[in-house]
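A.B. asks: input06.csv (CSV, C-alpha atoms) pasted underneath:
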chain,number,residue,atom,x,y,z
A,1,MET,CA,28.8,29.0,26.1
A,2,THR,CA,25.7,27.0,25.4
A,3,PRO,CA,24.9,26.4,21.8
A,4,ARG,CA,21.2,26.9,21.0
A,5,LEU,CA,20.1,23.9,18.9
A,6,ILE,CA,17.1,24.2,16.7
A,7,ASP,CA,15.8,20.8,15.6
A,8,THR,CA,15.0,20.8,12.0
A,9,PRO,CA,13.3,17.9,10.1
A,10,VAL,CA,14.7,15.9,7.2
A,11,LEU,CA,12.1,14.8,4.8
A,12,GLU,CA,12.5,12.3,2.0
A,13,THR,CA,10.7,12.2,-1.4
A,14,GLU,CA,11.3,9.8,-4.2
A,15,GLN,CA,14.2,11.7,-5.7
A,16,LEU,CA,15.1,14.3,-3.0
A,17,THR,CA,16.3,14.8,0.5
A,18,LEU,CA,14.8,17.9,2.1
A,19,ARG,CA,16.6,19.5,5.0
A,20,ALA,CA,16.5,23.0,6.4
A,21,ILE,CA,18.4,25.6,4.5
A,22,GLY,CA,21.5,26.6,6.5
A,23,PRO,CA,24.9,28.1,6.4
A,24,GLN,CA,26.1,25.5,3.9
A,25,ASP,CA,23.7,26.9,1.3
A,26,ILE,CA,24.9,30.5,1.5
A,27,GLU,CA,26.9,30.6,-1.8
A,28,THR,CA,24.4,28.7,-4.0
A,29,GLY,CA,21.5,30.6,-2.4
A,30,VAL,CA,23.2,34.0,-3.0
A,31,ARG,CA,24.0,33.1,-6.6
A,32,TYR,CA,20.3,32.2,-7.2
A,33,LEU,CA,19.0,35.4,-5.7
A,34,MET,CA,21.3,37.4,-8.0
A,35,ASP,CA,20.0,35.5,-11.0
A,36,PRO,CA,17.5,37.4,-13.3
A,37,ARG,CA,15.2,34.4,-13.0
A,38,THR,CA,14.2,35.7,-9.5
A,39,VAL,CA,12.5,38.7,-11.1
A,40,HIS,CA,9.1,37.3,-10.0
A,41,MET,CA,10.1,37.1,-6.3
A,42,GLY,CA,11.7,40.4,-5.6
A,43,GLY,CA,15.0,39.8,-7.4
A,44,PRO,CA,17.5,40.0,-8.8
A,45,TYR,CA,19.2,41.0,-5.6
A,46,THR,CA,22.5,42.7,-5.2
A,47,ALA,CA,25.2,40.5,-3.6
A,48,ALA,CA,24.8,42.3,-0.3
A,49,ASP,CA,21.0,42.1,-0.3
A,50,ALA,CA,21.1,38.5,-1.4
A,51,TRP,CA,23.4,37.6,1.6
A,52,ASP,CA,21.1,39.5,4.0
A,53,HIS,CA,18.1,37.7,2.6
A,54,SER,CA,19.7,34.3,2.8
A,55,ALA,CA,20.8,34.9,6.4
A,56,GLY,CA,17.3,36.0,7.2
A,57,LEU,CA,16.0,32.7,5.9
A,58,ILE,CA,18.2,30.9,8.4
A,59,GLY,CA,16.9,33.2,11.1
A,60,HIS,CA,13.3,32.4,10.0
A,61,TRP,CA,13.8,28.8,11.2
A,62,SER,CA,15.1,30.0,14.5
A,63,ILE,CA,12.2,32.5,15.1
A,64,ARG,CA,9.3,30.4,13.7
A,65,GLY,CA,10.4,26.8,14.1
A,66,PHE,CA,9.8,26.3,10.3
A,67,GLY,CA,11.2,27.6,7.1
A,68,LEU,CA,12.5,26.8,3.7
A,69,PHE,CA,13.9,23.4,3.0
A,70,ALA,CA,16.9,22.9,0.7
A,71,LEU,CA,16.1,20.4,-2.2
A,72,CYS,CA,19.0,18.0,-2.5
A,73,LEU,CA,19.2,15.2,-4.9
A,74,LYS,CA,19.5,11.9,-3.0
A,75,GLY,CA,23.1,11.3,-2.0
A,76,SER,CA,24.1,14.9,-2.4
A,77,ASP,CA,24.0,17.8,0.1
A,78,VAL,CA,24.1,20.5,-2.6
A,79,ALA,CA,20.8,22.5,-2.8
A,80,ILE,CA,19.3,22.7,-6.2
A,81,GLY,CA,16.3,24.7,-5.0
A,82,ASP,CA,14.1,25.5,-2.0
A,83,VAL,CA,10.6,24.7,-1.0
A,84,GLY,CA,9.1,25.5,2.4
A,85,LEU,CA,7.0,27.3,4.9
A,86,LEU,CA,7.2,31.0,5.2
A,87,ARG,CA,5.8,33.5,7.7
A,88,PRO,CA,8.0,36.5,7.7
A,89,GLY,CA,6.9,39.9,9.1
A,90,GLY,CA,4.0,41.3,7.2
A,91,TYR,CA,2.5,38.0,6.1
A,92,PRO,CA,-1.2,37.5,7.2
A,93,GLU,CA,-0.9,33.7,7.0
A,94,ASN,CA,1.5,30.9,6.3
A,95,GLU,CA,2.9,30.4,2.8
A,96,LEU,CA,4.2,27.4,0.9
A,97,GLY,CA,6.9,28.9,-1.4
A,98,TRP,CA,9.3,27.4,-3.9
A,99,GLY,CA,12.1,28.1,-6.3
A,100,ILE,CA,14.5,26.0,-8.4
A,101,TRP,CA,17.9,27.5,-8.0
A,102,ASP,CA,19.7,25.7,-10.8
A,103,PRO,CA,18.0,26.1,-14.2
A,104,ALA,CA,19.4,22.7,-15.2
A,105,HIS,CA,17.0,21.2,-12.7
A,106,GLU,CA,13.9,23.0,-13.8
A,107,GLY,CA,11.1,21.1,-15.4
A,108,LYS,CA,11.8,17.8,-13.6
A,109,GLY,CA,9.0,18.0,-11.1
A,110,TYR,CA,11.3,18.4,-8.1
A,111,ALA,CA,9.4,21.4,-6.7
A,112,PHE,CA,6.1,19.6,-7.1
A,113,GLU,CA,7.5,16.5,-5.4
A,114,ALA,CA,8.9,18.5,-2.5
A,115,ALA,CA,5.8,20.8,-2.1
A,116,LYS,CA,3.5,17.8,-1.7
A,117,VAL,CA,5.6,16.3,1.0
A,118,ILE,CA,6.2,19.6,2.8
A,119,ARG,CA,2.5,20.5,2.7
A,120,ARG,CA,1.6,17.2,4.3
A,121,TYR,CA,4.3,17.7,6.9
A,122,ALA,CA,3.0,21.2,7.7
A,123,TYR,CA,-0.6,20.0,8.1
A,124,ALA,CA,0.4,17.0,10.2
A,125,THR,CA,3.0,18.7,12.4
A,126,PHE,CA,1.5,22.1,13.1
A,127,GLY,CA,-2.1,21.3,12.7
A,128,TRP,CA,-2.6,24.0,10.1
A,129,THR,CA,-5.8,23.8,8.2
A,130,THR,CA,-4.8,26.0,5.2
A,131,LEU,CA,-1.8,27.3,3.3
A,132,VAL,CA,-1.4,29.8,0.5
A,133,SER,CA,1.2,30.5,-2.2
A,134,TYR,CA,1.8,34.1,-3.2
A,135,ILE,CA,2.6,34.3,-6.9
A,136,ASP,CA,3.4,37.2,-9.3
A,137,PRO,CA,0.8,37.2,-12.0
A,138,GLU,CA,3.5,37.0,-14.7
A,139,ASN,CA,5.1,33.9,-13.1
A,140,THR,CA,3.3,31.4,-15.4
A,141,ARG,CA,5.5,28.5,-14.3
A,142,SER,CA,4.6,29.0,-10.7
A,143,ILE,CA,1.0,29.4,-11.4
A,144,ALA,CA,1.1,26.1,-13.3
A,145,LEU,CA,2.7,24.4,-10.4
A,146,ALA,CA,0.2,25.8,-7.9
A,147,LYS,CA,-2.6,24.5,-10.1
A,148,ARG,CA,-0.9,21.1,-10.3
A,149,LEU,CA,-0.8,21.1,-6.5
A,150,GLY,CA,-4.6,21.6,-6.5
A,151,CYS,CA,-4.5,25.2,-5.5
A,152,THR,CA,-7.3,27.6,-6.5
A,153,LEU,CA,-7.2,31.4,-6.8
A,154,ASP,CA,-8.4,33.1,-3.7
A,155,LYS,CA,-9.5,36.6,-4.6
A,156,ASP,CA,-10.7,37.4,-1.1
A,157,ALA,CA,-7.5,36.5,0.7
A,158,ALA,CA,-5.6,39.2,2.5
A,159,LEU,CA,-2.3,40.2,0.9
A,160,PRO,CA,1.0,40.6,2.7
A,161,ASP,CA,1.4,44.1,4.0
A,162,LEU,CA,4.4,44.8,1.8
A,163,PRO,CA,5.1,47.5,-0.8
A,164,ASP,CA,4.5,46.5,-4.5
A,165,TRP,CA,2.6,43.3,-3.6
A,166,GLU,CA,-0.8,44.8,-4.7
A,167,ASN,CA,-1.1,42.6,-7.8
A,168,THR,CA,0.2,39.4,-6.1
A,169,LEU,CA,-2.1,36.4,-6.7
A,170,VAL,CA,-3.0,34.2,-3.7
A,171,TYR,CA,-3.4,30.6,-4.6
A,172,ARG,CA,-5.0,28.6,-1.8
A,173,HIS,CA,-4.0,25.0,-1.2
A,174,PRO,CA,-6.4,22.1,-0.7
A,175,LYS,CA,-7.3,21.5,3.0
A,176,PRO,CA,-5.5,18.7,4.9
A,177,GLU,CA,-8.3,16.2,4.3
A,178,HIS,CA,-7.9,16.6,0.6
A,179,VAL,CA,-4.1,16.0,0.4
B,1,MET,CA,19.2,17.8,11.7
B,2,THR,CA,20.0,20.7,13.9
B,3,LEU,CA,20.7,24.3,13.2
B,4,GLN,CA,23.3,25.4,15.7
B,5,LEU,CA,23.5,28.9,17.1
B,6,THR,CA,26.5,29.3,19.4
B,7,ILE,CA,25.8,32.5,21.2
B,8,PRO,CA,27.5,33.2,24.5
B,9,GLN,CA,26.1,35.1,27.4
B,10,LEU,CA,28.4,37.8,28.6
B,11,GLU,CA,28.1,40.0,31.6
B,12,THR,CA,29.2,43.5,32.6
B,13,GLU,CA,28.5,45.5,35.7
B,14,HIS,CA,25.0,46.6,34.5
B,15,LEU,CA,24.4,44.4,31.5
B,16,ILE,CA,23.9,41.0,30.2
B,17,LEU,CA,24.8,40.4,26.5
B,18,ARG,CA,22.9,37.5,25.1
B,19,GLY,CA,21.5,36.0,21.9
B,20,PRO,CA,18.4,37.6,20.3
B,21,GLU,CA,15.1,36.2,21.6
B,22,PRO,CA,11.7,36.6,19.9
B,23,ALA,CA,10.6,39.1,22.6
B,24,ASP,CA,13.5,41.4,21.6
B,25,PHE,CA,11.8,42.1,18.3
B,26,GLU,CA,9.3,44.9,19.6
B,27,PRO,CA,11.9,47.1,21.2
B,28,LEU,CA,14.3,46.6,18.3
B,29,CYS,CA,11.6,47.3,15.8
B,30,ALA,CA,10.7,50.5,17.6
B,31,PHE,CA,14.3,51.6,17.3
B,32,LEU,CA,14.7,50.6,13.7
B,33,MET,CA,11.6,52.4,12.6
B,34,ASP,CA,12.4,55.6,14.4
B,35,PRO,CA,14.5,57.6,12.0
B,36,ALA,CA,15.6,60.2,14.6
B,37,ARG,CA,17.3,57.4,16.5
B,38,SER,CA,18.3,54.9,13.8
B,39,TRP,CA,19.5,57.1,10.9
B,40,GLY,CA,23.1,56.3,11.7
B,41,PHE,CA,22.5,52.6,11.9
B,42,GLY,CA,20.0,52.0,9.1
B,43,THR,CA,16.4,53.0,9.5
B,44,GLU,CA,13.8,50.4,8.3
B,45,GLU,CA,10.7,51.9,6.8
B,46,ASP,CA,8.1,49.3,8.1
B,47,ARG,CA,7.7,46.4,10.5
B,48,PRO,CA,8.2,43.7,7.8
B,49,LYS,CA,11.6,45.2,7.0
B,50,ALA,CA,12.5,45.4,10.7
B,51,TRP,CA,11.5,41.7,11.0
B,52,ARG,CA,13.8,40.8,8.2
B,53,TRP,CA,16.7,42.6,9.8
B,54,PHE,CA,16.0,40.7,13.1
B,55,ALA,CA,16.0,37.4,11.1
B,56,THR,CA,19.1,38.4,9.2
B,57,ASN,CA,21.0,39.0,12.5
B,58,ILE,CA,20.2,35.5,13.7
B,59,GLY,CA,21.3,34.1,10.4
B,60,HIS,CA,24.5,36.2,10.7
B,61,TRP,CA,25.2,34.4,14.0
B,62,ALA,CA,24.7,31.1,12.3
B,63,LEU,CA,26.9,32.0,9.3
B,64,HIS,CA,29.8,33.8,11.1
B,65,GLY,CA,29.6,32.7,14.8
B,66,TYR,CA,29.1,36.3,15.8
B,67,GLY,CA,26.5,39.0,15.3
B,68,TYR,CA,24.5,41.5,17.4
B,69,PHE,CA,23.8,40.6,21.0
B,70,THR,CA,20.8,41.9,22.8
B,71,MET,CA,21.9,44.0,25.7
B,72,GLU,CA,19.7,43.5,28.7
B,73,TRP,CA,19.6,46.0,31.6
B,74,LYS,CA,20.4,43.7,34.6
B,75,ASP,CA,18.2,45.4,37.1
B,76,THR,CA,15.0,45.0,35.2
B,77,GLY,CA,15.8,42.4,32.5
B,78,GLN,CA,14.6,44.8,29.8
B,79,PRO,CA,16.4,44.8,26.4
B,80,CYS,CA,18.2,48.2,26.3
B,81,GLY,CA,20.1,48.0,23.1
B,82,ILE,CA,22.3,45.9,20.8
B,83,THR,CA,26.0,45.6,20.4
B,84,GLY,CA,28.2,43.1,18.6
B,85,ILE,CA,30.3,42.2,15.6
B,86,TRP,CA,28.9,42.7,12.1
B,87,ASP,CA,30.3,41.6,8.8
B,88,PRO,CA,27.7,40.9,6.2
B,89,GLU,CA,28.4,40.6,2.5
B,90,GLY,CA,30.0,43.8,1.1
B,91,TRP,CA,31.4,45.1,4.5
B,92,PRO,CA,35.1,46.1,4.3
B,93,GLU,CA,35.9,44.1,7.4
B,94,PRO,CA,34.2,43.1,10.6
B,95,GLU,CA,33.0,46.0,12.7
B,96,ILE,CA,31.8,46.5,16.2
B,97,GLY,CA,28.5,48.3,16.4
B,98,TRP,CA,26.2,49.6,19.2
B,99,VAL,CA,22.7,51.0,19.6
B,100,VAL,CA,20.9,52.1,22.7
B,101,PHE,CA,17.1,52.0,22.8
B,102,ASP,CA,14.9,54.9,23.8
B,103,GLY,CA,14.8,55.5,27.5
B,104,PHE,CA,18.2,54.0,28.2
B,105,GLU,CA,20.5,56.7,27.1
B,106,GLY,CA,22.9,58.5,29.5
B,107,ARG,CA,23.8,55.3,31.4
B,108,GLY,CA,27.0,54.4,29.6
B,109,ILE,CA,25.3,51.3,28.1
B,110,ALA,CA,26.9,51.5,24.7
B,111,PHE,CA,30.4,52.0,26.1
B,112,GLU,CA,30.0,49.2,28.6
B,113,GLY,CA,28.4,46.8,26.2
B,114,ALA,CA,30.8,47.5,23.2
B,115,THR,CA,33.8,47.2,25.5
B,116,ARG,CA,32.7,43.7,26.5
B,117,ALA,CA,31.8,42.7,23.0
B,118,ARG,CA,35.2,43.9,21.8
B,119,ARG,CA,37.0,41.9,24.5
B,120,TRP,CA,35.0,38.8,23.5
B,121,ALA,CA,35.9,39.2,19.9
B,122,TYR,CA,39.6,39.6,20.7
B,123,GLU,CA,39.9,37.0,23.4
B,124,ASP,CA,37.4,34.3,22.4
B,125,LEU,CA,37.1,34.7,18.6
B,126,GLY,CA,40.8,35.6,18.0
B,127,PHE,CA,40.2,38.8,16.1
B,128,THR,CA,43.4,40.9,15.9
B,129,THR,CA,41.7,44.1,14.8
B,130,LEU,CA,38.2,45.7,14.6
B,131,THR,CA,36.6,48.7,13.0
B,132,SER,CA,33.5,50.8,13.5
B,133,ASN,CA,31.8,52.3,10.5
B,134,ILE,CA,30.1,55.6,11.3
B,135,VAL,CA,27.9,57.8,9.1
B,136,PRO,CA,29.4,61.3,8.9
B,137,GLY,CA,27.6,63.6,11.3
B,138,ASN,CA,26.8,60.9,13.9
B,139,ASP,CA,28.8,62.8,16.5
B,140,ARG,CA,27.6,60.7,19.4
B,141,SER,CA,28.9,57.6,17.8
B,142,VAL,CA,32.2,59.3,16.9
B,143,ALA,CA,32.6,60.4,20.5
B,144,LEU,CA,32.0,56.9,21.7
B,145,ALA,CA,34.4,55.4,19.2
B,146,LYS,CA,37.1,57.8,20.4
B,147,ARG,CA,36.2,56.9,24.0
B,148,LEU,CA,36.8,53.3,23.1
B,149,GLY,CA,40.2,54.3,21.9
B,150,ALA,CA,39.4,54.1,18.2
B,151,TRP,CA,40.7,56.6,15.6
B,152,PHE,CA,39.6,57.8,12.2
B,153,GLU,CA,41.3,55.9,9.5
B,154,ARG,CA,39.5,56.6,6.2
B,155,GLU,CA,36.3,57.4,4.5
B,156,TYR,CA,34.7,54.8,2.2
B,157,ASP,CA,31.5,54.0,0.4
B,158,ASN,CA,29.5,51.4,2.3
B,159,VAL,CA,27.4,49.1,0.2
B,160,GLN,CA,24.2,49.7,2.2
B,161,MET,CA,24.9,53.0,4.0
B,162,GLY,CA,26.8,55.1,1.4
B,163,ALA,CA,29.6,57.4,2.7
B,164,GLU,CA,31.0,56.2,6.0
B,165,GLN,CA,34.0,56.9,8.2
B,166,LEU,CA,35.9,53.9,9.2
B,167,PHE,CA,37.3,54.0,12.8
B,168,ARG,CA,40.0,51.6,13.8
B,169,HIS,CA,40.0,50.1,17.3
B,170,PRO,CA,43.1,49.5,19.4
B,171,SER,CA,44.5,45.9,18.9
B,172,PRO,CA,44.3,43.3,21.6
B,173,ALA,CA,47.9,44.1,22.5
B,174,ASP,CA,47.1,47.8,22.7
B,175,LEU,CA,44.4,46.9,25.2
B,176,GLY,CA,46.6,44.6,27.2
B,177,LEU,CA,44.2,41.7,26.6
B,178,ASN,CA,45.1,38.0,27.0
B,179,ALA,CA,47.8,37.9,24.4
B,180,ASP,CA,50.3,35.1,24.8
B,181,SER,CA,54.1,35.4,24.2
B,182,ASP,CA,53.8,35.3,20.4
B,183,GLY,CA,51.3,38.1,20.5
B,184,SER,CA,48.3,36.1,19.4
B,185,PRO,CA,45.2,36.3,21.6
B,186,GLU,CA,44.5,33.4,23.8
B,187,ALA,CA,41.2,31.7,22.9
B,188,TYR,CA,39.3,30.1,25.8
B,189,ALA,CA,35.9,28.7,26.2
In structure tokens, what does this structure look like?
C.D. replies:
Amino acid sequence: MTPRLIDTPVLETEQLTLRAIGPQDIETGVRYLMDPRTVHMGGPYTAADAWDHSAGLIGHWSIRGFGLFALCLKGSDVAIGDVGLLRPGGYPENELGWGIWDPAHEGKGYAFEAAKVIRRYAYATFGWTTLVSYIDPENTRSIALAKRLGCTLDKDAALPDLPDWENTLVYRHPKPEHV
Amino acid sequence: MTLQLTIPQLETEHLILRGPEPADFEPLCAFLMDPARSWGFGTEEDRPKAWRWFATNIGHWALHGYGYFTMEWKDTGQPCGITGIWDPEGWPEPEIGWVVFDGFEGRGIAFEGATRARRWAYEDLGFTTLTSNIVPGNDRSVALAKRLGAWFEREYDNVQMGAEQLFRHPSPADLGLNADSDGSPEAYA
């Protein structure tokens, strides 16, 4: 049998190593998705739905060639969050998404640090000229991060064709020449 | 880094069983969104949800080393269904499942594919037992389970599907598959 190998990048930031989320993250990822803190991103999930969703995020890398990166503190391989590039079915364009899985690691700028590097990586690698972040209007922390990343609210952007996403805010990232 | 998906290619008289490819999405999506065909498997209400199931299956392969194969009709190369071993979170134990796409029924595809997938699970993965979970009233699937030698064991509440009947498949020894002298299946590459 021939293994199919999908090359996935490893990116470095000042404090973090970013690698593709994979099977090694299933337990921590599922625990996060079952946490009430995921209320602004479709959660909290049941254990079964969290597992399916996490498996799907691995599949996303295989199908698209990009996906979510696990945020690992330098020297560790344990994911404390995820930041990455998403284009699942129903999305009209590519998203830069983020989440800090472990509340003990919130507020330290990790998502900001990772998002900047991944955004540059996406623009340079795929030649994309734009990116958005879809954010629940009540998710004030995420809105603050989007603004810190230089995003502006795009009221004309098409929304993902998904149920219950009517009120989702679309924050558009600065163009490649501005990052 | 690399994400490794080890998915074998298996062959039967009429079929190739292989890993899912992006081009398999459309025929799978048509199946998943057609309640008349997919009610016993799990109907998806829209394309985005069908896409997520497709992605979940690939992740299932990465996590477990098994999942649903795409069955390809050898003569034409067309995807004609899926079969494989499925054990996501909440499942009572690994099951063998099968689905035949529109236009490919009546050719014995599910029987041929599921028989091969079961043999692979027993001989190559070292499984010693397998089940199939069937929604009550899915008489075609029950008939196929019985044709595969499986028998009704119990009813239980599936985490995604609700009430299901669990059918137990014959063991590797029952099927006379490569079991060595101590009765354990012989794994080979």
A.B. asks: Using all atoms listed in the file, which of the listed residues (A:Val10, A:Val179, A:Ala122, A:Met34) sits closest to chain B?
C.D. replies: A:Val10
A.B. asks: From the list B:Asp24, B:Ala62, B:Gly106, B:Ala121, which residue is nearest B:Ile85 when using only C-alpha atoms?
C.D. replies: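 Of all the options, B:Ala121 lies closest to B:Ile85.
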A.B. asks: Counting all atoms listed in the file, which residues sit no farther than 8 Å from the position (36.4, 58.8, 6.9) in the file's frame? I'd like them as JSON, numbers by chain.
C.D. replies: {"B": [136, 152, 153, 154, 155, 156, 164, 165, 166, 167]}
A.B. asks: What gap, in Å, lies between atom CA of A:Pro137 and atom CA of A:Val39?
C.D. replies: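 Separation of atom CA of A:Pro137 and atom CA of A:Val39: 11.8 Å.
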A.B. asks: Might you pull out every residue within 8 Å of stretch 57-61 of chain B, with all atoms listed in the file counted and same-chain residues fewer than 6 positions away left off, and present them as a ChimeraX atom specification?
C.D. replies: /A:54-59,62 /B:5-7,20,67-68,86,88
A.B. asks: Would you save the residues from that selection as a tab-separated table (two decimals), keeping the file's coordinate frame, using C-alpha atoms?
C.D. replies:
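Everything below was put into again.tsv:
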chain	number	residue	atom	x	y	z
A	54	SER	CA	19.70	34.30	2.80
A	55	ALA	CA	20.80	34.90	6.40
A	56	GLY	CA	17.30	36.00	7.20
A	57	LEU	CA	16.00	32.70	5.90
A	58	ILE	CA	18.20	30.90	8.40
A	59	GLY	CA	16.90	33.20	11.10
A	62	SER	CA	15.10	30.00	14.50
B	5	LEU	CA	23.50	28.90	17.10
B	6	THR	CA	26.50	29.30	19.40
B	7	ILE	CA	25.80	32.50	21.20
B	20	PRO	CA	18.40	37.60	20.30
B	67	GLY	CA	26.50	39.00	15.30
B	68	TYR	CA	24.50	41.50	17.40
B	86	TRP	CA	28.90	42.70	12.10
B	88	PRO	CA	27.70	40.90	6.20
A.B. asks: Looking at all atoms listed in the file, which of A:Ala114, A:Ala124, A:Ala157, A:Ile63 is the one that sits closest to A:Gly97?
C.D. replies: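 Result for the nearest residue to A:Gly97: A:Ala114.
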A.B. asks: As an exercise, work out the distance from atom CA of B:Gly40 to atom CA of B:Ala163 in Å and give it to one decimal place.
C.D. replies: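 Between atom CA of B:Gly40 and atom CA of B:Ala163 the gap works out to 11.2 Å.
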A.B. asks: Could you list, with a cut-off of 12 Å and counting only C-alpha atoms, the residues of chain A near chain B, each shown with its nearest atom pair and the distance in Å rounded to one decimal, rows sorted by chain and ascending number, as a Markdown table?
C.D. replies:
| residue | atom | partner | partner_atom | distance |
| --- | --- | --- | --- | --- |
| A:Met1 | CA | B:Pro8 | CA | 4.7 |
| A:Thr2 | CA | B:Thr6 | CA | 6.5 |
| A:Pro3 | CA | B:Thr6 | CA | 4.1 |
| A:Arg4 | CA | B:Leu5 | CA | 4.9 |
| A:Leu5 | CA | B:Gln4 | CA | 4.8 |
| A:Ile6 | CA | B:Leu3 | CA | 5.0 |
| A:Asp7 | CA | B:Thr2 | CA | 4.5 |
| A:Thr8 | CA | B:Met1 | CA | 5.2 |
| A:Pro9 | CA | B:Met1 | CA | 6.1 |
| A:Val10 | CA | B:Met1 | CA | 6.6 |
| A:Leu11 | CA | B:Met1 | CA | 10.3 |
| A:Thr17 | CA | B:Met1 | CA | 12.0 |
| A:Leu18 | CA | B:Met1 | CA | 10.6 |
| A:Arg19 | CA | B:Met1 | CA | 7.4 |
| A:Ala20 | CA | B:Met1 | CA | 7.9 |
| A:Ile21 | CA | B:Leu3 | CA | 9.1 |
| A:Gly22 | CA | B:Leu3 | CA | 7.1 |
| A:Pro23 | CA | B:Leu63 | CA | 5.3 |
| A:Gln24 | CA | B:Leu63 | CA | 8.5 |
| A:Asp25 | CA | B:Leu63 | CA | 10.0 |
| A:Ile26 | CA | B:Leu63 | CA | 8.2 |
| A:Glu27 | CA | B:Glu89 | CA | 11.0 |
| A:Val30 | CA | B:Glu89 | CA | 10.0 |
| A:Thr46 | CA | B:Val159 | CA | 9.7 |
| A:Ala47 | CA | B:Glu89 | CA | 6.9 |
| A:Ala48 | CA | B:Glu89 | CA | 4.9 |
| A:Asp49 | CA | B:Glu89 | CA | 8.1 |
| A:Ala50 | CA | B:Glu89 | CA | 8.5 |
| A:Trp51 | CA | B:Glu89 | CA | 5.9 |
| A:Asp52 | CA | B:Thr56 | CA | 5.7 |
| A:His53 | CA | B:Thr56 | CA | 6.7 |
| A:Ser54 | CA | B:Thr56 | CA | 7.6 |
| A:Ala55 | CA | B:Gly59 | CA | 4.1 |
| A:Gly56 | CA | B:Thr56 | CA | 3.6 |
| A:Leu57 | CA | B:Ala55 | CA | 7.0 |
| A:Ile58 | CA | B:Gly59 | CA | 4.9 |
| A:Gly59 | CA | B:Ala55 | CA | 4.3 |
| A:His60 | CA | B:Ala55 | CA | 5.8 |
| A:Trp61 | CA | B:Leu3 | CA | 8.5 |
| A:Ser62 | CA | B:Ile58 | CA | 7.5 |
| A:Ile63 | CA | B:Pro22 | CA | 6.3 |
| A:Arg64 | CA | B:Pro22 | CA | 9.1 |
| A:Gly65 | CA | B:Leu3 | CA | 10.6 |
| A:Phe66 | CA | B:Leu3 | CA | 11.5 |
| A:Gly67 | CA | B:Ala55 | CA | 11.6 |
| A:Phe69 | CA | B:Met1 | CA | 11.6 |
| A:Arg87 | CA | B:Pro48 | CA | 10.5 |
| A:Pro88 | CA | B:Trp51 | CA | 7.1 |
| A:Gly89 | CA | B:Pro48 | CA | 4.2 |
| A:Gly90 | CA | B:Pro48 | CA | 4.9 |
| A:Tyr91 | CA | B:Pro48 | CA | 8.2 |
| A:Pro92 | CA | B:Pro48 | CA | 11.3 |
| A:Pro160 | CA | B:Pro48 | CA | 9.4 |
| A:Asp161 | CA | B:Pro48 | CA | 7.8 |
| A:Leu162 | CA | B:Pro48 | CA | 7.2 |
| A:Pro163 | CA | B:Asp46 | CA | 9.6 |
A.B. asks: Model the absent atoms of stretch 42-53 of chain B so that N, CA and C atoms are present, and write the result as a short mmCIF file (atom, residue, chain, number, x, y, z; two decimals), in the frame of the given file.
C.D. replies:
data_model
loop_
_atom_site.label_atom_id
_atom_site.label_comp_id
_atom_site.auth_asym_id
_atom_site.auth_seq_id
_atom_site.Cartn_x
_atom_site.Cartn_y
_atom_site.Cartn_z
N GLY B 42 20.76 52.59 10.22
CA GLY B 42 20.00 52.00 9.10
C GLY B 42 18.55 51.93 9.49
N THR B 43 17.77 52.95 9.11
CA THR B 43 16.40 53.00 9.50
C THR B 43 15.59 51.99 8.56
N GLU B 44 14.65 51.24 9.13
CA GLU B 44 13.80 50.40 8.30
C GLU B 44 12.42 51.06 8.24
N GLU B 45 11.84 51.05 7.01
CA GLU B 45 10.70 51.90 6.80
C GLU B 45 9.37 51.24 7.34
N ASP B 46 9.38 49.94 7.59
CA ASP B 46 8.10 49.30 8.10
C ASP B 46 8.49 48.10 8.95
N ARG B 47 7.47 47.55 9.60
CA ARG B 47 7.70 46.40 10.50
C ARG B 47 8.19 45.16 9.74
N PRO B 48 7.62 44.87 8.55
CA PRO B 48 8.20 43.70 7.80
C PRO B 48 9.66 43.81 7.57
N LYS B 49 10.13 45.01 7.23
CA LYS B 49 11.60 45.20 7.00
C LYS B 49 12.35 45.03 8.28
N ALA B 50 11.80 45.55 9.35
CA ALA B 50 12.50 45.40 10.70
C ALA B 50 12.55 43.92 11.05
N TRP B 51 11.47 43.19 10.76
CA TRP B 51 11.50 41.70 11.00
C TRP B 51 12.57 41.04 10.26
N ARG B 52 12.73 41.44 9.01
CA ARG B 52 13.80 40.80 8.20
C ARG B 52 15.17 41.14 8.72
N TRP B 53 15.37 42.34 9.24
CA TRP B 53 16.70 42.60 9.80
C TRP B 53 16.91 41.75 11.05
#
